[in-house]
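Printed here is model19.txt (compact mmCIF, C-alpha atoms):
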```txt
# COMPACT_ATOMS: atom_id res chain seq x y z
CA MET A 144 -69.44 -77.01 -10.96
CA VAL A 145 -71.46 -73.87 -11.72
CA GLY A 146 -74.81 -73.71 -9.95
CA GLN A 147 -74.09 -76.75 -7.76
CA ARG A 148 -76.25 -76.89 -4.65
CA MET A 149 -75.57 -78.73 -1.40
CA PRO A 150 -78.93 -79.23 0.37
CA GLN A 151 -78.88 -79.45 4.16
CA VAL A 152 -81.33 -81.04 6.59
CA ILE A 153 -81.81 -79.70 10.13
CA VAL A 154 -83.98 -81.93 12.37
CA THR A 155 -86.14 -79.84 14.71
CA ASP A 156 -88.26 -82.56 16.31
CA LEU A 157 -88.14 -86.37 16.40
CA THR A 158 -90.46 -88.87 18.10
CA ASP A 159 -91.30 -92.54 17.61
CA GLU A 160 -94.05 -91.55 15.17
CA THR A 161 -93.09 -88.24 13.56
CA ILE A 162 -90.13 -86.20 12.41
CA SER A 163 -89.95 -82.49 11.66
CA PHE A 164 -87.00 -81.02 9.80
CA THR A 165 -86.00 -78.02 7.72
CA LEU A 166 -84.58 -78.50 4.24
CA THR A 167 -82.36 -75.63 3.07
CA LYS A 168 -80.11 -74.64 0.17
CA THR A 169 -82.38 -76.12 -2.50
CA ASP A 170 -85.54 -75.24 -4.41
CA ALA A 171 -89.20 -76.30 -4.34
CA SER A 172 -88.73 -78.89 -7.09
CA MET A 173 -86.24 -80.86 -5.01
CA ALA A 174 -88.36 -80.49 -1.86
CA ASN A 175 -91.44 -81.80 -3.66
CA ALA A 176 -89.41 -84.62 -5.24
CA LEU A 177 -88.28 -85.70 -1.77
CA ARG A 178 -91.88 -85.61 -0.49
CA ARG A 179 -93.15 -87.69 -3.41
CA VAL A 180 -90.36 -90.25 -2.98
CA MET A 181 -91.28 -90.67 0.70
CA ILE A 182 -94.86 -91.47 -0.26
CA SER A 183 -94.45 -93.59 -3.36
CA GLU A 184 -90.87 -94.85 -3.75
CA VAL A 185 -89.65 -96.09 -0.35
CA PRO A 186 -90.04 -99.92 -0.24
CA THR A 187 -91.97 -101.56 2.60
CA MET A 188 -93.49 -104.95 3.36
CA ALA A 189 -97.25 -105.55 3.18
CA ILE A 190 -99.58 -108.53 2.82
CA ASP A 191 -100.06 -109.09 -0.89
CA LYS A 192 -101.43 -112.63 -1.19
CA VAL A 193 -104.09 -114.23 1.01
CA GLU A 194 -105.31 -117.84 1.01
CA ILE A 195 -108.63 -118.19 2.84
CA VAL A 196 -109.04 -121.64 4.42
CA SER A 197 -112.27 -120.98 6.31
CA ASN A 198 -114.36 -117.81 6.64
CA THR A 199 -117.80 -117.87 8.27
CA THR A 200 -117.72 -114.22 9.37
CA VAL A 201 -119.99 -111.48 8.07
CA LEU A 202 -117.25 -110.13 5.82
CA HIS A 203 -116.57 -111.51 2.36
CA ASP A 204 -113.11 -112.93 1.59
CA ASP A 205 -112.20 -109.88 -0.51
CA PHE A 206 -113.01 -107.51 2.36
CA VAL A 207 -110.87 -109.52 4.78
CA ALA A 208 -107.95 -109.65 2.31
CA HIS A 209 -108.16 -105.89 1.72
CA ARG A 210 -108.09 -105.17 5.45
CA LEU A 211 -105.11 -107.46 5.93
CA GLY A 212 -103.21 -105.65 3.20
CA LEU A 213 -103.62 -102.30 4.95
CA ILE A 214 -102.17 -103.50 8.27
CA PRO A 215 -98.69 -101.92 8.66
CA LEU A 216 -95.82 -104.39 8.96
CA THR A 217 -92.31 -103.72 10.20
CA SER A 218 -90.12 -103.21 7.14
CA ARG A 219 -86.59 -102.72 8.40
CA TYR A 220 -85.10 -105.14 5.87
CA ALA A 221 -87.12 -104.03 2.85
CA MET A 222 -84.57 -103.53 0.03
CA PHE A 223 -81.92 -102.05 2.34
CA SER A 224 -79.21 -104.39 3.61
CA ALA A 225 -78.18 -104.94 7.20
CA ASP A 226 -75.21 -106.70 8.80
CA GLU A 227 -77.27 -109.44 10.43
CA GLN A 228 -79.82 -110.02 7.68
CA PRO A 229 -79.76 -109.83 3.85
CA PRO A 230 -82.33 -107.40 2.46
CA PHE A 231 -85.63 -108.52 1.00
CA THR A 232 -86.09 -108.25 -2.74
CA TYR A 233 -89.14 -107.86 -4.97
CA ASN A 234 -91.01 -111.10 -5.61
CA ARG A 235 -91.03 -110.36 -9.34
CA ASP A 236 -87.23 -110.04 -9.35
CA CYS A 237 -86.54 -113.05 -7.14
CA ALA A 238 -85.10 -116.23 -8.65
CA CYS A 239 -87.66 -118.45 -6.89
CA MET A 240 -90.60 -120.01 -8.72
CA VAL A 241 -93.38 -118.72 -6.42
CA SER A 242 -92.03 -117.51 -3.09
CA CYS A 243 -89.06 -117.96 -0.79
CA PRO A 244 -87.66 -116.47 2.44
CA ARG A 245 -85.71 -113.91 0.40
CA CYS A 246 -88.87 -112.23 -0.92
CA THR A 247 -91.77 -113.45 1.25
CA VAL A 248 -92.74 -113.78 4.92
CA ASN A 249 -95.83 -115.85 5.71
CA PHE A 250 -98.47 -115.03 8.32
CA GLU A 251 -101.19 -117.20 9.79
CA LEU A 252 -104.49 -116.32 11.44
CA ASP A 253 -106.71 -118.96 13.06
CA VAL A 254 -109.50 -117.66 15.31
CA LYS A 255 -112.84 -119.13 16.35
CA CYS A 256 -115.41 -117.52 18.64
CA ILE A 257 -116.63 -119.94 21.32
CA SER A 258 -118.26 -117.45 23.74
CA ASP A 259 -121.57 -115.64 23.66
CA GLU A 260 -119.82 -112.27 23.63
CA THR A 261 -118.68 -110.57 20.43
CA LEU A 262 -115.04 -111.33 19.64
CA LYS A 263 -112.92 -108.59 18.08
CA VAL A 264 -110.34 -110.09 15.76
CA THR A 265 -107.46 -107.64 15.53
CA SER A 266 -103.95 -107.65 14.11
CA LYS A 267 -102.60 -109.20 17.32
CA TYR A 268 -104.00 -112.56 16.11
CA LEU A 269 -101.89 -112.33 12.95
CA LYS A 270 -98.82 -114.46 13.65
CA SER A 271 -95.62 -114.14 11.62
CA GLU A 272 -93.42 -117.12 10.81
CA ALA A 273 -90.38 -114.83 11.08
CA PRO A 274 -91.27 -112.13 13.64
CA HIS A 275 -87.63 -111.06 13.92
CA LEU A 276 -87.76 -110.03 10.26
CA VAL A 277 -91.34 -108.88 9.62
CA ALA A 278 -94.14 -108.56 12.17
CA VAL A 279 -97.26 -106.50 12.74
CA ALA A 280 -96.34 -102.89 13.52
CA VAL A 281 -98.03 -102.40 16.88
CA GLY A 282 -99.29 -98.90 17.64
CA PRO A 283 -97.87 -96.81 20.49
CA ASN A 284 -101.04 -97.26 22.56
CA ALA A 285 -100.61 -101.03 22.82
CA THR A 286 -99.83 -102.00 26.42
CA SER A 287 -99.80 -105.79 26.02
CA PHE A 288 -100.75 -108.67 23.77
CA ASP A 289 -103.47 -109.92 26.10
CA GLU A 290 -106.63 -111.06 24.36
CA ASP A 291 -108.66 -108.55 26.37
CA ASP A 292 -106.46 -105.63 25.33
CA ASP A 293 -107.10 -104.31 21.79
CA SER A 294 -105.37 -100.94 22.15
CA GLY A 295 -102.85 -100.19 19.44
CA HIS A 296 -104.05 -103.01 17.18
CA VAL A 297 -105.99 -102.86 13.89
CA LEU A 298 -109.50 -104.32 13.87
CA ILE A 299 -110.04 -106.90 11.12
CA VAL A 300 -113.52 -108.32 11.81
CA LYS A 301 -115.99 -108.99 14.64
CA MET A 302 -117.27 -112.50 15.33
CA ARG A 303 -120.25 -114.05 17.02
CA LYS A 304 -120.38 -117.49 18.61
CA GLY A 305 -119.63 -120.30 16.16
CA GLN A 306 -117.95 -118.11 13.53
CA GLU A 307 -114.33 -118.68 12.55
CA LEU A 308 -111.61 -117.25 10.34
CA LYS A 309 -108.60 -119.23 9.21
CA LEU A 310 -106.19 -118.02 6.56
CA ARG A 311 -102.61 -117.88 5.37
CA ALA A 312 -101.15 -114.58 4.15
CA SER A 313 -97.91 -113.73 2.38
CA ALA A 314 -96.15 -110.41 2.97
CA GLN A 315 -94.02 -109.13 0.11
CA MET A 316 -92.15 -105.96 -0.73
CA GLY A 317 -93.53 -103.12 -2.80
CA ILE A 318 -93.77 -99.34 -3.09
CA GLY A 319 -96.62 -96.88 -2.66
CA LYS A 320 -96.71 -96.18 -6.40
CA GLU A 321 -98.06 -99.73 -6.86
CA HIS A 322 -100.58 -99.67 -3.99
CA ALA A 323 -101.28 -97.46 -0.98
CA LYS A 324 -100.68 -100.36 1.42
CA TRP A 325 -96.93 -100.03 0.75
CA ASN A 326 -96.91 -96.31 1.64
CA PRO A 327 -94.75 -95.91 4.79
CA THR A 328 -96.19 -92.47 5.68
CA CYS A 329 -99.46 -91.29 7.15
CA THR A 330 -98.61 -87.73 6.17
CA ALA A 331 -95.64 -86.19 4.39
CA VAL A 332 -96.03 -82.44 3.86
CA PHE A 333 -93.81 -79.40 3.54
CA ALA A 334 -94.30 -75.64 3.53
CA TYR A 335 -92.12 -72.61 3.00
CA GLU A 336 -90.52 -71.27 6.16
CA SER A 337 -91.79 -67.76 6.88
CA GLU A 338 -89.90 -64.64 7.90
CA VAL A 339 -91.14 -61.32 9.24
CA GLU A 340 -89.32 -58.09 8.36
CA LEU A 341 -89.96 -54.89 10.35
CA ASN A 342 -89.49 -51.40 8.97
CA ARG A 343 -87.33 -49.74 11.62
CA LYS A 344 -88.20 -46.21 10.49
CA VAL A 345 -91.93 -46.82 10.93
CA TYR A 346 -91.32 -48.80 14.11
CA ALA A 347 -89.41 -45.86 15.63
CA THR A 348 -92.46 -43.60 15.35
CA MET A 349 -94.59 -45.89 17.56
CA SER A 350 -95.03 -45.51 21.29
CA GLY A 351 -94.26 -48.26 23.79
CA GLU A 352 -97.95 -49.13 24.17
CA GLN A 353 -98.40 -49.37 20.41
CA ARG A 354 -95.33 -51.56 20.08
CA ALA A 355 -96.62 -53.81 22.86
CA GLU A 356 -100.01 -54.11 21.17
CA PHE A 357 -98.34 -54.94 17.86
CA VAL A 358 -96.13 -57.65 19.35
CA GLU A 359 -98.91 -59.18 21.47
CA SER A 360 -101.09 -59.54 18.37
CA CYS A 361 -98.98 -62.52 17.28
CA PRO A 362 -100.91 -65.68 18.32
CA LYS A 363 -97.86 -67.93 18.00
CA LYS A 364 -95.57 -65.81 20.16
CA LEU A 365 -94.40 -67.83 23.14
CA VAL A 366 -93.56 -65.66 26.12
CA LYS A 367 -90.10 -66.25 27.52
CA PRO A 368 -89.54 -66.04 31.28
CA TYR A 369 -89.04 -62.29 31.15
CA SER A 370 -90.92 -59.64 33.04
CA LYS A 371 -92.84 -56.93 31.19
CA ASP A 372 -90.26 -54.37 32.27
CA ASP A 373 -87.45 -56.29 30.59
CA LEU A 374 -89.18 -56.34 27.19
CA ASN A 375 -88.57 -53.34 24.96
CA TYR A 376 -90.56 -54.89 22.06
CA GLU A 377 -87.79 -54.47 19.55
CA ALA A 378 -88.59 -57.95 18.17
CA VAL A 379 -90.99 -60.84 18.60
CA GLU A 380 -89.25 -63.53 20.61
CA SER A 381 -90.28 -67.17 20.53
CA GLU A 382 -89.09 -70.47 21.98
CA GLU A 383 -89.87 -72.13 18.63
CA ALA A 384 -87.92 -71.83 15.42
CA SER A 385 -90.05 -70.50 12.58
CA ALA A 386 -93.08 -69.91 14.79
CA CYS A 387 -94.77 -67.68 12.18
CA MET A 388 -97.73 -69.41 10.51
CA VAL A 389 -98.49 -66.53 8.09
CA CYS A 390 -101.79 -65.59 9.75
CA ILE A 391 -101.09 -61.88 8.91
CA ASP A 392 -102.64 -60.80 12.26
CA CYS A 393 -99.65 -58.55 12.91
CA ILE A 394 -100.20 -56.68 9.63
CA GLU A 395 -103.97 -56.51 10.12
CA GLY A 396 -103.50 -55.07 13.60
CA ALA A 397 -101.14 -52.35 12.36
CA ARG A 398 -103.13 -50.88 9.47
CA SER A 399 -102.56 -47.38 10.82
CA TYR A 400 -98.84 -47.88 10.25
CA PRO A 401 -98.42 -48.68 6.53
CA GLY A 402 -95.29 -50.62 5.69
CA LEU A 403 -94.58 -51.54 9.30
CA ALA A 404 -94.11 -55.26 8.65
CA LYS A 405 -93.75 -57.69 5.76
CA VAL A 406 -94.44 -61.42 6.02
CA ARG A 407 -93.02 -63.53 3.21
CA ASP A 408 -91.64 -66.94 2.39
CA LYS A 409 -87.99 -67.47 3.20
CA PRO A 410 -86.28 -68.56 -0.03
CA GLN A 411 -84.79 -72.06 -0.09
CA HIS A 412 -86.15 -72.95 3.36
CA PHE A 413 -88.78 -75.70 3.63
CA LYS A 414 -90.37 -77.11 6.78
CA PHE A 415 -91.21 -80.83 6.57
CA ASN A 416 -93.53 -82.88 8.78
CA VAL A 417 -93.53 -86.65 8.26
CA GLU A 418 -95.62 -89.18 10.18
CA SER A 419 -94.92 -92.90 9.93
CA THR A 420 -97.48 -95.72 9.70
CA GLY A 421 -95.22 -97.82 11.91
CA ALA A 422 -93.62 -99.77 9.08
CA LEU A 423 -90.43 -97.72 9.36
CA ARG A 424 -89.07 -95.27 11.87
CA PRO A 425 -89.57 -91.63 10.79
CA GLU A 426 -85.85 -91.02 10.47
CA ASP A 427 -85.50 -94.18 8.34
CA ILE A 428 -88.17 -92.90 5.96
CA VAL A 429 -86.22 -89.69 5.40
CA GLN A 430 -82.85 -91.42 5.04
CA ARG A 431 -84.18 -94.05 2.63
CA SER A 432 -86.05 -91.47 0.57
CA VAL A 433 -82.81 -89.50 0.16
CA SER A 434 -81.06 -92.70 -0.93
CA VAL A 435 -83.80 -93.57 -3.44
CA LEU A 436 -83.84 -90.01 -4.81
CA SER A 437 -80.04 -90.06 -5.17
CA GLN A 438 -80.23 -93.32 -7.14
CA LYS A 439 -82.92 -91.89 -9.42
CA LEU A 440 -80.85 -88.76 -10.09
CA LYS A 441 -77.77 -90.85 -10.91
CA ALA A 442 -79.88 -92.98 -13.27
CA ALA A 443 -81.19 -89.79 -14.91
CA ASP A 444 -77.62 -88.53 -15.43
CA SER A 445 -76.68 -91.87 -17.03
CA LEU A 446 -79.76 -91.68 -19.25
CA ASP A 447 -78.83 -88.15 -20.33
CA ALA A 448 -75.35 -89.38 -21.26
CA ILE A 449 -76.81 -92.28 -23.25
CA LEU A 450 -79.27 -89.98 -25.03
CA ALA A 451 -76.46 -87.55 -25.82
CA CYS A 452 -74.41 -90.39 -27.39
CA HIS A 453 -77.43 -91.53 -29.41
CA ALA A 454 -78.11 -87.97 -30.55
CA GLU A 455 -74.50 -87.54 -31.64
CA PHE A 456 -74.61 -90.88 -33.50
CA LEU A 457 -77.87 -89.94 -35.23
CA ASP A 458 -76.48 -86.55 -36.18
CA VAL A 459 -73.36 -88.15 -37.74
CA SER A 460 -75.49 -90.76 -39.54
CA LEU A 461 -77.81 -88.07 -40.88
CA ARG A 462 -74.90 -86.01 -42.23
CA GLU A 463 -73.44 -89.11 -43.89
CA CYS A 464 -76.77 -89.81 -45.55
CA MET A 465 -76.98 -86.21 -46.79
CA LEU A 466 -73.47 -86.43 -48.28
CA ARG A 467 -74.45 -89.55 -50.20
```

Go through the file and emit its structure as structure tokens.
Amino acid sequence: MVGQRMPQVIVTDLTDETISFTLTKTDASMANALRRVMISEVPTMAIDKVEIVSNTTVLHDDFVAHRLGLIPLTSRYAMFSADEQPPFTYNRDCACMVSCPRCTVNFELDVKCISDETLKVTSKYLKSEAPHLVAVAVGPNATSFDEDDDSGHVLIVKMRKGQELKLRASAQMGIGKEHAKWNPTCTAVFAYESEVELNRKVYATMSGEQRAEFVESCPKKLVKPYSKDDLNYEAVESEEASACMVCIDCIEGARSYPGLAKVRDKPQHFKFNVESTGALRPEDIVQRSVSVLSQKLKAADSLDAILACHAEFLDVSLRECMLR
């Protein structure tokens, strides 16, 4: 096929919260499409319906429900199948009348303050009926589920003595396009990868001290374990791939040598940084976004074929009408 592209992904860094990768052999439109799919098209689970049984806290029911909706929930089985568990489906597409285990997971929260000290009600009090399927996505700073330990949990409301909060919440599947609570990413950004080109003819006219000053002007240069005598300053060496952040300090520091260096965007090379809310692992967000984007492109190809058939039919019908 003429003009066919085969994009490639090279992962440069991966942690429990973030993933950094380089997307190559494609253009900015595809890179931006992938970014937008990550934010608004990858399905996750979030609390969508809340039934308040008792609320004597300082927050109105609507405030409590809104805060519950924004608590990240583990979403491993959202839309995508697994060997040990069928995938969840959208409540609107489910065959049930109101809700069922195939589209909904219920949570309960029942807390009452009985001490004189202020009680912080956090997401650790939110109990899932099926924690092996969907549970509260605990932050990396959480060390335990002790009542005195609130690290890594989301604060819902503070209580004084005698106040209580009892409710039942239903978590259902959705996408970020419908509401931000279903967005699996904290951040999903990309930028062009930069490259620096040196003019060897101009570089050859510089002395060793001038070359050293030029190279040391780069703030992102990471010094390798070499001695000064081993460096001939023929190039800027770094432990990081694509260390250039386009600060242009190297060009500003070499104004007396016009044309010494050029800093520009590397064509068809995009650096991505994606941070997860905890609903999905960072690598799962990327893999599922690629799958969703692939499905959308296939649907677009099918739509083009259908439109082409309709256009041909209309053209034939129009010519028949003209002949009559």

Find the residues around Ala280 in chain A up to 8 Å (only C-alpha atoms counted), leave out those fewer than 4 positions away in its own chain, and share them as an MDAnalysis selection string.
-> chainID A and resid 214:217 421:422

Using only C-alpha atoms, the residue out of A:Val196, A:Ala314, A:Leu298, A:Ile391 with shortest distance to Tyr233 in chain A is A:Ala314

Shell of 8 Å around Ala404 in chain A, all atoms listed in the file, local chain residues under 6 positions omitted, as a VMD selection string = chain A and resid 339 to 342 393 to 394

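Distance-wise, CA of Arg178 in chain A and CA of Val417 in chain A end up 9.0 Å apart.
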
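Here CA of Arg431 in chain A and CA of Leu269 in chain A stand 27.5 Å from one another.
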
Tyr220 in chain A environment, 9 Å, only C-alpha atoms, sequence neighbours closer than 2 positions dropped, as a ChimeraX atom specification = /A:187-188,217-218,222-225,228-231,276-277

Now that the selection is made, can you save its residues with C-alpha atoms as an mmCIF file, in the coordinates of the input?
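The result, written out as again.cif:
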```cif
data_model
loop_
_atom_site.group_PDB
_atom_site.id
_atom_site.type_symbol
_atom_site.label_atom_id
_atom_site.label_comp_id
_atom_site.auth_asym_id
_atom_site.auth_seq_id
_atom_site.Cartn_x
_atom_site.Cartn_y
_atom_site.Cartn_z
ATOM 1 C CA THR A 187 -91.970 -101.560 2.600
ATOM 2 C CA MET A 188 -93.490 -104.950 3.360
ATOM 3 C CA THR A 217 -92.310 -103.720 10.200
ATOM 4 C CA SER A 218 -90.120 -103.210 7.140
ATOM 5 C CA MET A 222 -84.570 -103.530 0.030
ATOM 6 C CA PHE A 223 -81.920 -102.050 2.340
ATOM 7 C CA SER A 224 -79.210 -104.390 3.610
ATOM 8 C CA ALA A 225 -78.180 -104.940 7.200
ATOM 9 C CA GLN A 228 -79.820 -110.020 7.680
ATOM 10 C CA PRO A 229 -79.760 -109.830 3.850
ATOM 11 C CA PRO A 230 -82.330 -107.400 2.460
ATOM 12 C CA PHE A 231 -85.630 -108.520 1.000
ATOM 13 C CA LEU A 276 -87.760 -110.030 10.260
ATOM 14 C CA VAL A 277 -91.340 -108.880 9.620
#
```

Which residues come within 12 Å of Glu251 in chain A, counting all atoms listed in the file, excluding same-chain residues fewer than 4 positions away, as a compact mmCIF listing (two decimals) with C-alpha atoms, keeping the file's coordinate frame?
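As written to disk, part25.txt reads:
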```txt
# COMPACT_ATOMS: atom_id res chain seq x y z
CA ILE A 190 -99.58 -108.53 2.82
CA LYS A 192 -101.43 -112.63 -1.19
CA VAL A 193 -104.09 -114.23 1.01
CA GLU A 194 -105.31 -117.84 1.01
CA ILE A 195 -108.63 -118.19 2.84
CA VAL A 196 -109.04 -121.64 4.42
CA LEU A 211 -105.11 -107.46 5.93
CA SER A 266 -103.95 -107.65 14.11
CA LYS A 267 -102.60 -109.20 17.32
CA TYR A 268 -104.00 -112.56 16.11
CA LEU A 269 -101.89 -112.33 12.95
CA LYS A 270 -98.82 -114.46 13.65
CA SER A 271 -95.62 -114.14 11.62
CA GLU A 272 -93.42 -117.12 10.81
CA ALA A 273 -90.38 -114.83 11.08
CA PRO A 274 -91.27 -112.13 13.64
CA ALA A 278 -94.14 -108.56 12.17
CA VAL A 279 -97.26 -106.50 12.74
CA LEU A 308 -111.61 -117.25 10.34
CA LYS A 309 -108.60 -119.23 9.21
CA LEU A 310 -106.19 -118.02 6.56
CA ARG A 311 -102.61 -117.88 5.37
CA ALA A 312 -101.15 -114.58 4.15
CA SER A 313 -97.91 -113.73 2.38
CA ALA A 314 -96.15 -110.41 2.97
```

Write out N, CA and C atoms for range 163-186 of chain A, as a short mmCIF file (atom, residue, chain, number, x, y, z; two decimals), in the frame of the given file.
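Output contents, as saved in rebuild-v6.cif:
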```
data_model
loop_
_atom_site.label_atom_id
_atom_site.label_comp_id
_atom_site.auth_asym_id
_atom_site.auth_seq_id
_atom_site.Cartn_x
_atom_site.Cartn_y
_atom_site.Cartn_z
N SER A 163 -89.84 -83.82 12.25
CA SER A 163 -89.95 -82.49 11.66
C SER A 163 -88.54 -82.00 11.37
N PHE A 164 -88.32 -81.51 10.17
CA PHE A 164 -87.00 -81.02 9.80
C PHE A 164 -87.13 -79.89 8.80
N THR A 165 -86.06 -79.13 8.67
CA THR A 165 -86.00 -78.02 7.72
C THR A 165 -84.99 -78.35 6.63
N LEU A 166 -85.43 -78.26 5.40
CA LEU A 166 -84.58 -78.50 4.24
C LEU A 166 -84.15 -77.15 3.67
N THR A 167 -82.86 -76.92 3.54
CA THR A 167 -82.36 -75.63 3.07
C THR A 167 -81.40 -75.83 1.90
N LYS A 168 -81.06 -74.70 1.27
CA LYS A 168 -80.11 -74.64 0.17
C LYS A 168 -80.55 -75.49 -1.03
N THR A 169 -81.83 -75.45 -1.33
CA THR A 169 -82.38 -76.12 -2.50
C THR A 169 -83.67 -75.42 -2.89
N ASP A 170 -84.33 -75.89 -3.94
CA ASP A 170 -85.54 -75.24 -4.41
C ASP A 170 -86.76 -76.12 -4.19
N ALA A 171 -87.94 -75.59 -4.59
CA ALA A 171 -89.20 -76.30 -4.34
C ALA A 171 -89.29 -77.60 -5.13
N SER A 172 -88.66 -77.67 -6.30
CA SER A 172 -88.73 -78.89 -7.09
C SER A 172 -88.07 -80.05 -6.37
N MET A 173 -86.93 -79.80 -5.74
CA MET A 173 -86.24 -80.86 -5.01
C MET A 173 -87.00 -81.22 -3.73
N ALA A 174 -87.58 -80.22 -3.07
CA ALA A 174 -88.36 -80.49 -1.86
C ALA A 174 -89.58 -81.35 -2.19
N ASN A 175 -90.26 -81.03 -3.28
CA ASN A 175 -91.44 -81.80 -3.66
C ASN A 175 -91.04 -83.19 -4.15
N ALA A 176 -89.90 -83.31 -4.81
CA ALA A 176 -89.41 -84.62 -5.24
C ALA A 176 -89.14 -85.51 -4.03
N LEU A 177 -88.55 -84.94 -2.99
CA LEU A 177 -88.28 -85.70 -1.77
C LEU A 177 -89.58 -86.15 -1.12
N ARG A 178 -90.58 -85.26 -1.08
CA ARG A 178 -91.88 -85.61 -0.49
C ARG A 178 -92.54 -86.74 -1.27
N ARG A 179 -92.51 -86.67 -2.58
CA ARG A 179 -93.15 -87.69 -3.41
C ARG A 179 -92.43 -89.04 -3.28
N VAL A 180 -91.11 -89.01 -3.15
CA VAL A 180 -90.36 -90.25 -2.98
C VAL A 180 -90.72 -90.92 -1.65
N MET A 181 -90.88 -90.12 -0.60
CA MET A 181 -91.28 -90.67 0.70
C MET A 181 -92.59 -91.43 0.59
N ILE A 182 -93.53 -90.88 -0.17
CA ILE A 182 -94.86 -91.47 -0.26
C ILE A 182 -94.89 -92.68 -1.18
N SER A 183 -94.22 -92.60 -2.31
CA SER A 183 -94.45 -93.59 -3.36
C SER A 183 -93.24 -94.41 -3.78
N GLU A 184 -92.05 -94.16 -3.25
CA GLU A 184 -90.87 -94.85 -3.75
C GLU A 184 -90.08 -95.60 -2.68
N VAL A 185 -90.39 -95.40 -1.41
CA VAL A 185 -89.65 -96.09 -0.35
C VAL A 185 -90.25 -97.49 -0.16
N PRO A 186 -89.49 -98.56 -0.34
CA PRO A 186 -90.04 -99.92 -0.24
C PRO A 186 -90.42 -100.30 1.20
#
```
